[in-house]
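> CSV, C-alpha atoms, saved as upload-v9.csv, coming up:
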chain,number,residue,atom,x,y,z
A,95,MET,CA,-8.9,77.3,94.3
A,96,SER,CA,-7.0,79.4,91.9
A,97,LYS,CA,-5.8,76.3,90.0
A,98,PHE,CA,-9.3,75.4,89.0
A,99,LYS,CA,-10.1,78.9,87.9
A,100,LYS,CA,-7.2,79.2,85.6
A,101,LYS,CA,-8.3,76.2,83.5
A,102,LYS,CA,-11.7,77.7,82.7
A,103,SER,CA,-10.5,81.1,81.7
A,104,GLY,CA,-8.2,79.7,78.9
A,105,GLY,CA,-10.7,79.6,76.1
A,106,ILE,CA,-9.7,77.2,73.2
A,107,PRO,CA,-6.3,75.7,74.0
A,108,ALA,CA,-3.7,76.1,71.3
A,109,VAL,CA,-3.0,73.1,69.0
A,110,ASN,CA,0.2,71.4,70.0
A,111,THR,CA,2.5,71.8,67.0
A,112,ALA,CA,5.5,70.2,68.7
A,113,ALA,CA,5.3,67.2,66.3
A,114,LEU,CA,5.1,69.4,63.2
A,115,PRO,CA,8.9,69.5,62.6
A,116,ASP,CA,9.0,65.8,62.8
A,117,ILE,CA,6.4,65.4,60.1
A,118,VAL,CA,8.1,67.9,57.9
A,119,PHE,CA,11.5,66.2,58.4
A,120,MET,CA,10.0,62.9,57.5
A,121,LEU,CA,8.7,64.3,54.2
A,122,LEU,CA,12.0,66.0,53.7
A,123,PHE,CA,14.0,62.8,54.0
A,124,PHE,CA,11.6,61.1,51.6
A,125,PHE,CA,12.2,63.7,49.0
A,126,MET,CA,15.9,63.8,49.6
A,127,VAL,CA,16.2,60.1,49.1
A,128,THR,CA,14.0,59.8,46.0
A,129,THR,CA,15.4,62.9,44.3
A,130,VAL,CA,17.5,62.2,41.2
A,131,MET,CA,19.4,65.3,40.3
A,132,ARG,CA,19.6,66.0,36.6
A,133,GLU,CA,23.2,65.3,35.8
A,134,VAL,CA,23.4,66.8,32.4
A,135,THR,CA,22.4,70.1,30.9
A,136,LEU,CA,20.7,69.5,27.6
A,137,LYS,CA,22.3,71.3,24.7
A,138,VAL,CA,19.9,69.9,22.2
A,139,LYS,CA,16.2,70.2,21.9
A,140,VAL,CA,14.6,66.8,22.4
A,141,VAL,CA,10.9,66.1,22.0
A,142,THR,CA,10.6,62.4,22.1
A,143,PRO,CA,8.0,60.7,19.8
A,144,GLN,CA,5.0,58.9,21.1
A,145,ALA,CA,4.4,55.2,21.2
A,146,THR,CA,1.9,52.7,22.6
A,147,GLU,CA,4.0,49.6,23.3
A,148,VAL,CA,6.3,51.2,25.8
A,149,ASN,CA,8.2,49.6,28.7
A,150,LYS,CA,9.4,51.3,31.8
A,151,LEU,CA,13.1,51.7,32.2
A,152,GLU,CA,14.2,49.9,35.4
A,153,ARG,CA,17.4,50.5,37.3
A,154,LYS,CA,18.2,54.1,36.3
A,155,SER,CA,21.7,53.8,37.5
A,156,LEU,CA,22.3,51.3,34.7
A,157,VAL,CA,20.9,53.5,32.0
A,158,SER,CA,23.1,55.9,29.9
A,159,TYR,CA,21.5,58.4,27.7
A,160,ILE,CA,22.5,59.5,24.2
A,161,TYR,CA,20.7,62.7,23.1
A,162,ILE,CA,20.1,63.6,19.5
A,163,GLY,CA,18.5,66.7,18.2
A,164,GLU,CA,19.1,70.2,16.9
A,165,PRO,CA,21.0,72.6,19.2
A,166,THR,CA,19.0,74.8,21.6
A,167,GLU,CA,18.2,78.3,20.4
A,168,GLN,CA,21.0,79.9,22.4
A,169,LEU,CA,23.5,77.6,20.8
A,170,GLN,CA,22.1,77.8,17.2
A,171,SER,CA,24.1,80.8,16.3
A,172,GLN,CA,27.3,79.0,17.2
A,173,PHE,CA,26.5,75.4,16.1
A,174,GLY,CA,23.8,75.8,13.4
A,175,THR,CA,20.6,73.9,13.2
A,176,ALA,CA,21.8,70.5,12.0
A,177,ASP,CA,21.1,67.6,14.2
A,178,ARG,CA,23.8,66.8,16.7
A,179,ILE,CA,24.6,64.1,19.2
A,180,GLN,CA,25.1,65.0,22.8
A,181,LEU,CA,27.0,62.7,25.2
A,182,ASN,CA,27.2,63.7,28.8
A,183,ASP,CA,27.7,67.5,28.7
A,184,ALA,CA,29.2,68.0,25.3
A,185,PHE,CA,28.4,67.7,21.7
A,186,ALA,CA,29.9,64.7,20.1
A,187,THR,CA,30.1,62.8,16.8
A,188,ALA,CA,29.2,59.2,16.2
A,189,LYS,CA,32.9,58.3,16.4
A,190,ASP,CA,33.0,59.3,20.1
A,191,ILE,CA,30.3,56.7,21.1
A,192,ILE,CA,32.7,53.8,21.5
A,193,ALA,CA,34.8,55.8,24.0
A,194,PHE,CA,31.6,56.9,25.7
A,195,VAL,CA,30.4,53.3,26.0
A,196,GLU,CA,33.7,52.2,27.5
A,197,GLY,CA,33.7,55.1,29.9
A,198,GLU,CA,30.2,54.2,31.1
A,199,ARG,CA,31.2,50.6,31.5
A,200,GLU,CA,34.1,51.5,33.7
A,201,GLN,CA,31.9,53.3,36.0
A,202,THR,CA,29.6,50.3,36.4
A,203,ASP,CA,30.1,47.3,38.6
A,204,PRO,CA,31.5,44.6,36.3
A,205,ALA,CA,28.8,42.2,37.3
A,206,GLU,CA,26.1,44.5,36.1
A,207,VAL,CA,27.7,45.5,32.8
A,208,PRO,CA,25.5,43.1,30.8
A,209,LEU,CA,22.4,44.7,32.2
A,210,MET,CA,23.4,48.2,31.0
A,211,THR,CA,21.0,49.9,28.7
A,212,PHE,CA,21.7,52.7,26.3
A,213,SER,CA,18.7,54.9,25.9
A,214,ILE,CA,18.5,57.0,22.7
A,215,LYS,CA,16.7,60.2,23.4
A,216,ALA,CA,16.2,61.5,19.9
A,217,ASP,CA,14.0,64.4,18.8
A,218,GLN,CA,11.0,63.3,16.7
A,219,LYS,CA,12.1,65.5,13.8
A,220,ALA,CA,15.6,64.1,13.7
A,221,GLU,CA,16.6,62.2,10.6
A,222,MET,CA,17.2,58.5,10.7
A,223,GLY,CA,20.7,58.9,9.2
A,224,ILE,CA,22.2,60.2,12.4
A,225,VAL,CA,20.3,57.7,14.5
A,226,THR,CA,21.5,54.9,12.4
A,227,ASP,CA,25.1,56.0,12.7
A,228,VAL,CA,24.7,55.9,16.5
A,229,LYS,CA,23.2,52.5,16.3
A,230,GLN,CA,26.0,51.2,14.2
A,231,GLU,CA,28.6,52.6,16.6
A,232,LEU,CA,26.7,51.0,19.5
A,233,ARG,CA,26.8,47.7,17.7
A,234,LYS,CA,30.6,48.0,17.2
A,235,ALA,CA,31.0,48.8,20.9
A,236,ASN,CA,28.9,45.7,21.6
A,237,ALA,CA,26.3,47.7,23.5
A,238,LEU,CA,23.3,45.8,22.1
A,239,LYS,CA,20.7,46.6,24.7
A,240,ILE,CA,19.1,49.8,23.7
A,241,ASN,CA,16.0,51.7,24.3
A,242,TYR,CA,14.2,54.3,22.2
A,243,SER,CA,12.9,56.9,24.6
A,244,THR,CA,9.3,57.6,23.9
A,245,LYS,CA,6.3,59.0,25.6
A,246,LYS,CA,3.3,56.8,26.3
A,247,THR,CA,0.2,57.4,24.3
A,248,ASP,CA,-3.0,55.6,23.7
A,249,LYS,CA,-3.2,55.8,19.9
A,250,ILE,CA,-0.9,56.3,17.0
A,251,VAL,CA,-2.0,58.8,14.4
A,252,ASP,CA,-0.9,58.7,10.8
B,224,MET,CA,21.9,78.4,93.3
B,225,ALA,CA,24.8,76.1,92.5
B,226,ARG,CA,23.3,74.7,89.4
B,227,ARG,CA,21.6,76.8,86.9
B,228,GLU,CA,19.6,75.0,84.4
B,229,SER,CA,20.8,75.7,80.9
B,230,PRO,CA,18.1,77.5,78.9
B,231,GLU,CA,16.3,75.4,76.4
B,232,ILE,CA,17.1,76.1,72.8
B,233,ASN,CA,14.3,77.6,71.0
B,234,ALA,CA,13.3,75.1,68.3
B,235,GLY,CA,10.3,77.0,67.1
B,236,SER,CA,12.0,77.9,63.8
B,237,MET,CA,13.2,74.4,63.1
B,238,ALA,CA,9.9,73.6,61.3
B,239,ASP,CA,10.5,76.7,59.1
B,240,ILE,CA,14.0,75.5,58.1
B,241,ALA,CA,12.7,72.0,57.4
B,242,PHE,CA,9.9,73.5,55.3
B,243,LEU,CA,12.4,75.5,53.3
B,244,LEU,CA,14.5,72.4,52.5
B,245,LEU,CA,11.3,70.4,51.8
B,246,ILE,CA,10.1,72.9,49.3
B,247,PHE,CA,13.5,73.0,47.6
B,248,PHE,CA,13.5,69.2,47.1
B,249,LEU,CA,9.9,69.2,46.1
B,250,VAL,CA,10.7,71.6,43.3
B,251,THR,CA,13.8,69.9,42.1
B,252,THR,CA,12.5,66.4,42.2
B,253,THR,CA,11.5,65.1,38.8
B,254,MET,CA,9.2,62.1,39.2
B,255,ASP,CA,9.2,61.3,35.5
B,256,VAL,CA,9.5,57.6,34.8
B,257,ASP,CA,11.5,57.0,31.7
B,258,THR,CA,9.6,54.9,29.2
B,259,GLY,CA,10.6,53.7,25.8
B,260,LEU,CA,10.7,50.9,23.3
B,261,THR,CA,13.3,48.4,24.3
B,262,ARG,CA,15.1,46.7,21.5
B,263,LYS,CA,18.0,44.5,21.0
B,264,LEU,CA,20.6,45.3,18.3
B,265,PRO,CA,22.1,42.4,16.3
B,266,PRO,CA,25.7,41.7,17.2
B,267,PRO,CA,28.4,43.2,15.0
B,268,ILE,CA,29.1,41.4,11.8
B,269,GLU,CA,32.6,39.8,12.0
B,270,GLU,CA,32.9,39.2,8.3
B,271,GLU,CA,30.7,38.6,5.4
B,272,LEU,CA,29.1,35.3,5.6
B,273,GLU,CA,30.0,33.1,2.7
B,274,ASN,CA,26.6,31.5,2.5
B,275,PRO,CA,24.0,33.6,4.0
B,276,PRO,CA,21.1,31.5,5.0
B,277,GLU,CA,18.6,31.5,2.3
B,278,ILE,CA,15.3,33.1,3.2
B,279,ARG,CA,12.3,32.6,0.9
B,280,GLU,CA,10.5,35.7,-0.2
B,281,ARG,CA,7.2,34.3,1.2
B,282,ASN,CA,8.6,34.2,4.7
B,283,VAL,CA,9.5,37.9,4.7
B,284,PHE,CA,7.2,40.7,5.5
B,285,GLN,CA,8.9,43.7,3.8
B,286,VAL,CA,8.4,47.2,5.3
B,287,LEU,CA,10.1,50.1,3.5
B,288,VAL,CA,10.0,53.7,4.6
B,289,ASN,CA,11.3,56.4,2.3
B,290,ALA,CA,12.6,59.9,2.9
B,291,ASN,CA,9.2,61.4,2.6
B,292,ASP,CA,7.9,59.1,5.4
B,293,ASP,CA,5.8,57.0,3.0
B,294,LEU,CA,5.3,53.5,3.9
B,295,LEU,CA,5.5,50.6,1.4
B,296,VAL,CA,4.5,47.2,2.8
B,297,GLU,CA,5.0,44.1,0.6
B,298,GLY,CA,5.1,46.4,-2.4
B,299,GLU,CA,1.9,48.3,-1.6
B,300,PRO,CA,1.6,51.8,-0.2
B,301,MET,CA,0.0,51.8,3.3
B,302,LEU,CA,-0.9,54.0,6.2
B,303,VAL,CA,0.7,53.4,9.5
B,304,SER,CA,-2.7,52.8,11.1
B,305,ASN,CA,-3.2,49.8,8.9
B,306,LEU,CA,0.2,48.3,9.4
B,307,ARG,CA,-0.6,46.6,12.7
B,308,ALA,CA,-3.5,44.5,11.4
B,309,GLU,CA,-1.6,43.6,8.3
B,310,ALA,CA,1.5,42.5,10.3
B,311,LYS,CA,-0.7,40.5,12.6
B,312,LEU,CA,-2.2,38.5,9.7
B,313,PHE,CA,1.3,37.8,8.5
B,314,ILE,CA,2.6,36.7,11.9
B,315,VAL,CA,-0.3,34.4,12.6
B,316,GLY,CA,0.0,33.1,9.0
B,317,ASP,CA,-2.1,30.5,7.2
B,318,ALA,CA,-0.6,27.0,6.5
B,319,LEU,CA,-2.9,26.6,3.4
B,320,ASP,CA,-2.0,29.9,1.8
B,321,GLU,CA,0.9,29.8,-0.6
B,322,SER,CA,1.8,33.5,-0.2
B,323,MET,CA,2.0,33.2,3.6
B,324,PRO,CA,5.1,32.1,5.4
B,325,GLU,CA,6.1,28.4,5.7
B,326,PHE,CA,5.7,26.4,8.9
B,327,LYS,CA,8.4,24.3,10.5
B,328,ASP,CA,7.9,21.8,13.3
B,329,THR,CA,9.6,23.0,16.4
B,330,ASP,CA,9.9,21.8,20.0
B,331,VAL,CA,7.9,24.1,22.2
B,332,PRO,CA,7.9,23.8,26.0
B,333,LEU,CA,4.7,22.3,27.4
B,334,LEU,CA,3.1,22.0,24.0
B,335,GLY,CA,5.5,19.5,22.4
B,336,ARG,CA,6.3,19.5,18.7
B,337,MET,CA,4.2,21.8,16.7
B,338,PRO,CA,4.4,23.9,13.5
B,339,VAL,CA,5.8,27.3,14.0
B,340,SER,CA,5.7,30.0,11.3
B,341,LYS,CA,9.1,31.0,9.7
B,342,GLN,CA,8.0,34.6,9.6
B,343,ILE,CA,10.5,37.4,9.5
B,344,VAL,CA,9.7,41.1,9.4
B,345,SER,CA,12.2,43.1,7.5
B,346,LEU,CA,12.3,46.8,8.1
B,347,GLN,CA,14.3,49.2,5.9
B,348,ASN,CA,14.3,52.9,6.1
B,349,ASP,CA,16.0,55.8,4.4
B,350,ARG,CA,18.6,58.0,6.0
B,351,GLY,CA,16.1,60.9,5.5
B,352,THR,CA,13.2,59.2,7.3
B,353,SER,CA,12.1,61.1,10.3
B,354,TYR,CA,12.7,59.5,13.7
B,355,GLU,CA,9.1,60.0,14.5
B,356,MET,CA,8.0,57.8,11.6
B,357,TYR,CA,10.6,55.2,12.4
B,358,ILE,CA,9.3,54.9,15.9
B,359,LYS,CA,5.7,54.7,14.7
B,360,VAL,CA,6.6,51.8,12.4
B,361,GLN,CA,8.6,50.1,15.1
B,362,ASN,CA,5.8,50.6,17.5
B,363,GLU,CA,3.2,49.0,15.2
B,364,LEU,CA,5.4,46.0,14.5
B,365,VAL,CA,6.2,45.4,18.2
B,366,GLY,CA,2.5,46.0,18.9
B,367,ALA,CA,1.5,43.4,16.3
B,368,TYR,CA,3.7,40.8,17.9
B,369,ASN,CA,2.4,41.7,21.4
B,370,GLU,CA,-1.2,41.4,20.3
B,371,VAL,CA,-0.7,38.1,18.6
B,372,ARG,CA,1.1,36.7,21.7
B,373,GLU,CA,-1.6,38.2,23.9
B,374,GLU,CA,-4.4,36.5,22.0
B,375,TYR,CA,-2.5,33.2,22.0
B,376,ALA,CA,-1.7,33.3,25.7
B,377,GLN,CA,-5.4,33.9,26.5
B,378,ARG,CA,-6.6,31.2,24.1
B,379,LYS,CA,-4.1,28.6,25.1
B,380,PHE,CA,-3.5,29.2,28.8
B,381,GLY,CA,-6.4,31.5,29.8
B,382,LYS,CA,-4.0,34.1,31.1
B,383,THR,CA,-2.8,37.5,29.9
B,384,MET,CA,0.8,38.1,29.0
B,385,GLN,CA,1.0,40.5,32.0
B,386,GLN,CA,-0.1,37.7,34.3
B,387,LEU,CA,2.5,35.4,32.8
B,388,GLU,CA,5.3,37.9,33.1
B,389,ASP,CA,4.4,38.8,36.7
B,390,GLY,CA,4.2,35.2,37.7
B,391,ALA,CA,7.3,33.9,35.7
B,392,GLN,CA,9.7,34.7,38.6
B,393,ALA,CA,7.7,32.8,41.1
B,394,THR,CA,6.1,29.9,39.3
B,395,GLU,CA,7.7,27.3,37.1
B,396,LEU,CA,4.5,26.8,35.1
B,397,PHE,CA,4.1,30.5,34.3
B,398,GLU,CA,7.7,30.7,33.2
B,399,GLN,CA,7.2,27.7,30.9
B,400,GLN,CA,4.0,29.1,29.5
B,401,LEU,CA,5.7,32.4,28.8
B,402,LYS,CA,8.5,30.6,27.0
B,403,ALA,CA,6.0,28.6,25.0
B,404,VAL,CA,4.2,31.7,23.8
B,405,LYS,CA,7.5,33.4,22.8
B,406,LYS,CA,8.6,30.2,21.0
B,407,VAL,CA,5.4,29.9,19.0
B,408,TYR,CA,5.5,33.6,18.0
B,409,PRO,CA,9.2,34.6,18.1
B,410,GLN,CA,9.7,38.3,17.5
B,411,ARG,CA,11.8,38.6,14.4
B,412,ILE,CA,12.3,42.1,13.3
B,413,SER,CA,15.3,42.5,11.1
B,414,GLU,CA,16.6,45.9,10.3
B,415,ALA,CA,18.5,46.3,7.1
B,416,GLU,CA,21.2,48.9,6.7
B,417,PRO,CA,19.5,52.1,5.5
B,418,LYS,CA,19.9,53.2,1.9
B,419,ASN,CA,19.6,56.5,0.3
B,420,MET,CA,16.6,55.9,-1.7
B,421,GLY,CA,14.0,58.1,-3.2
B,422,GLU,CA,15.6,61.4,-2.5
Can you turn what I pasted into structure tokens?

Amino acid sequence: MSKFKKKKSGGIPAVNTAALPDIVFMLLFFFMVTTVMREVTLKVKVVTPQATEVNKLERKSLVSYIYIGEPTEQLQSQFGTADRIQLNDAFATAKDIIAFVEGEREQTDPAEVPLMTFSIKADQKAEMGIVTDVKQELRKANALKINYSTKKTDKIVD
Amino acid sequence: MARRESPEINAGSMADIAFLLLIFFLVTTTMDVDTGLTRKLPPPIEEELENPPEIRERNVFQVLVNANDDLLVEGEPMLVSNLRAEAKLFIVGDALDESMPEFKDTDVPLLGRMPVSKQIVSLQNDRGTSYEMYIKVQNELVGAYNEVREEYAQRKFGKTMQQLEDGAQATELFEQQLKAVKKVYPQRISEAEPKNMGE
């Protein structure tokens, strides 16, 4: 008798939350797997220009970045405001690019070296002189597949 | 009372811990897709060619950008917004027009032998040109080629370039058609070494 009574007196039964940790874990693993940690701290200000005819960069592990722009505000007292090249975590000159390319190649599977792309992330206010120097050095290093990092836009303005 | 059941571990806070980690990864994740203009640099020059191949002036579409980001196309000042249409006209060409590029019979997959324009786009900029301007000009030139190819693919094969590119891996026909379009309108953007001009 008492068994039946108990059921009725309960009111609304609590929602079973036993599966909640499982759901959260599932989401957690998804984000853990998809996360790509930013591997460099930017020392230069880069606002990439906009373009309409952009391609997506596939295979991020095969992409190496070359940053060009003026030093960030904290570093301007030390390095001035002239445009600079950043490779990995440090400022560099155009002369260092060949060594950088070689270094990147060593870290890549030899079979995939021809697929490597060097992405130039240059600030829109940067002058072409420094960008051209970088391009010439890339040519010398035989890194011919390059990408100008741009944002996608619908229309180009004059 | 020989065996006492071990007390169950309270897993109530597991969800909290997982949530904490989840929020951490949510915040640090950057879902940005990197986009950009993919280009191919010319291989390094071994030595000066003794006899550089002669290119006639009518085959060259000359684009100059100076340090003030002014554009000079075929000797005429121009706005970036007009560059694409002008470049398209040049790429498509006109066999009857003396000032337009010459045509040369070339073997094209699927289509056989047909005249293909000998067009070349030559881009030269100053060391003082802004990168933004350079990208704009590059973008318009690449865009002109893309549009010309797109129109041709639709007229000739009734498919968009996107369809051809997606199907090229799977279907032989699509691959051939894609090759044909690229052969009829090859993308030739030549970049000269920059000069210090107009400073």
> Quote the spacing between CA of Ser213 in chain A and CA of Asp183 in chain A in Å to one decimal place.
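A separation of 15.7 Å between them.
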> For the atom pair CA of Thr146 in chain A and CA of Asn236 in chain A, what is the interatomic distance in Å to one decimal place?
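Straight-line distance from CA of Thr146 in chain A to CA of Asn236 in chain A works out to 27.9 Å.
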> Should the cut-off be 7 Å, what would the residue list for chain A against chain B look like, counting all atoms listed in the file, as JSON, numbers by chain?
{"A": [114, 115, 118, 119, 122, 125, 126, 129, 130, 143, 145, 146, 147, 148, 149, 150, 151, 218, 219, 220, 221, 222, 223, 233, 234, 236, 238, 239, 240, 241, 242, 243, 244, 245, 251, 252]}
> State, in Å with one decimal place, the distance from CA of Phe284 in chain B to CA of Glu414 in chain B.
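Interatomic distance, CA of Phe284 in chain B to CA of Glu414 in chain B: 11.8 Å.
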> Tell me which of A:Lys139, A:Met120, A:Val157, A:Ile106 sits closest to Glu206 in chain A, counting all atoms listed in the file.
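Once distances to Glu206 in chain A are computed over all atoms listed in the file, the minimum belongs to A:Val157.
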> Taking 6 positions as the minimum chain separation for residues in the same chain, which residues sit within 9 Å of Ser345 in chain B when counting all atoms listed in the file? Answer as a list in words.
Val283, Phe284, Gln285, Val286, Leu287, Arg411, Ile412, Ser413, Glu414 and Ala415 of chain B
> Using the selection just defined, write its residues with C-alpha atoms as a PDB file, keeping the file's coordinate frame.

ATOM      1  CA  VAL B 283       9.500  37.900   4.700  1.00  0.00           C
ATOM      2  CA  PHE B 284       7.200  40.700   5.500  1.00  0.00           C
ATOM      3  CA  GLN B 285       8.900  43.700   3.800  1.00  0.00           C
ATOM      4  CA  VAL B 286       8.400  47.200   5.300  1.00  0.00           C
ATOM      5  CA  LEU B 287      10.100  50.100   3.500  1.00  0.00           C
ATOM      6  CA  ARG B 411      11.800  38.600  14.400  1.00  0.00           C
ATOM      7  CA  ILE B 412      12.300  42.100  13.300  1.00  0.00           C
ATOM      8  CA  SER B 413      15.300  42.500  11.100  1.00  0.00           C
ATOM      9  CA  GLU B 414      16.600  45.900  10.300  1.00  0.00           C
ATOM     10  CA  ALA B 415      18.500  46.300   7.100  1.00  0.00           C
TER      11      ALA B 415
END
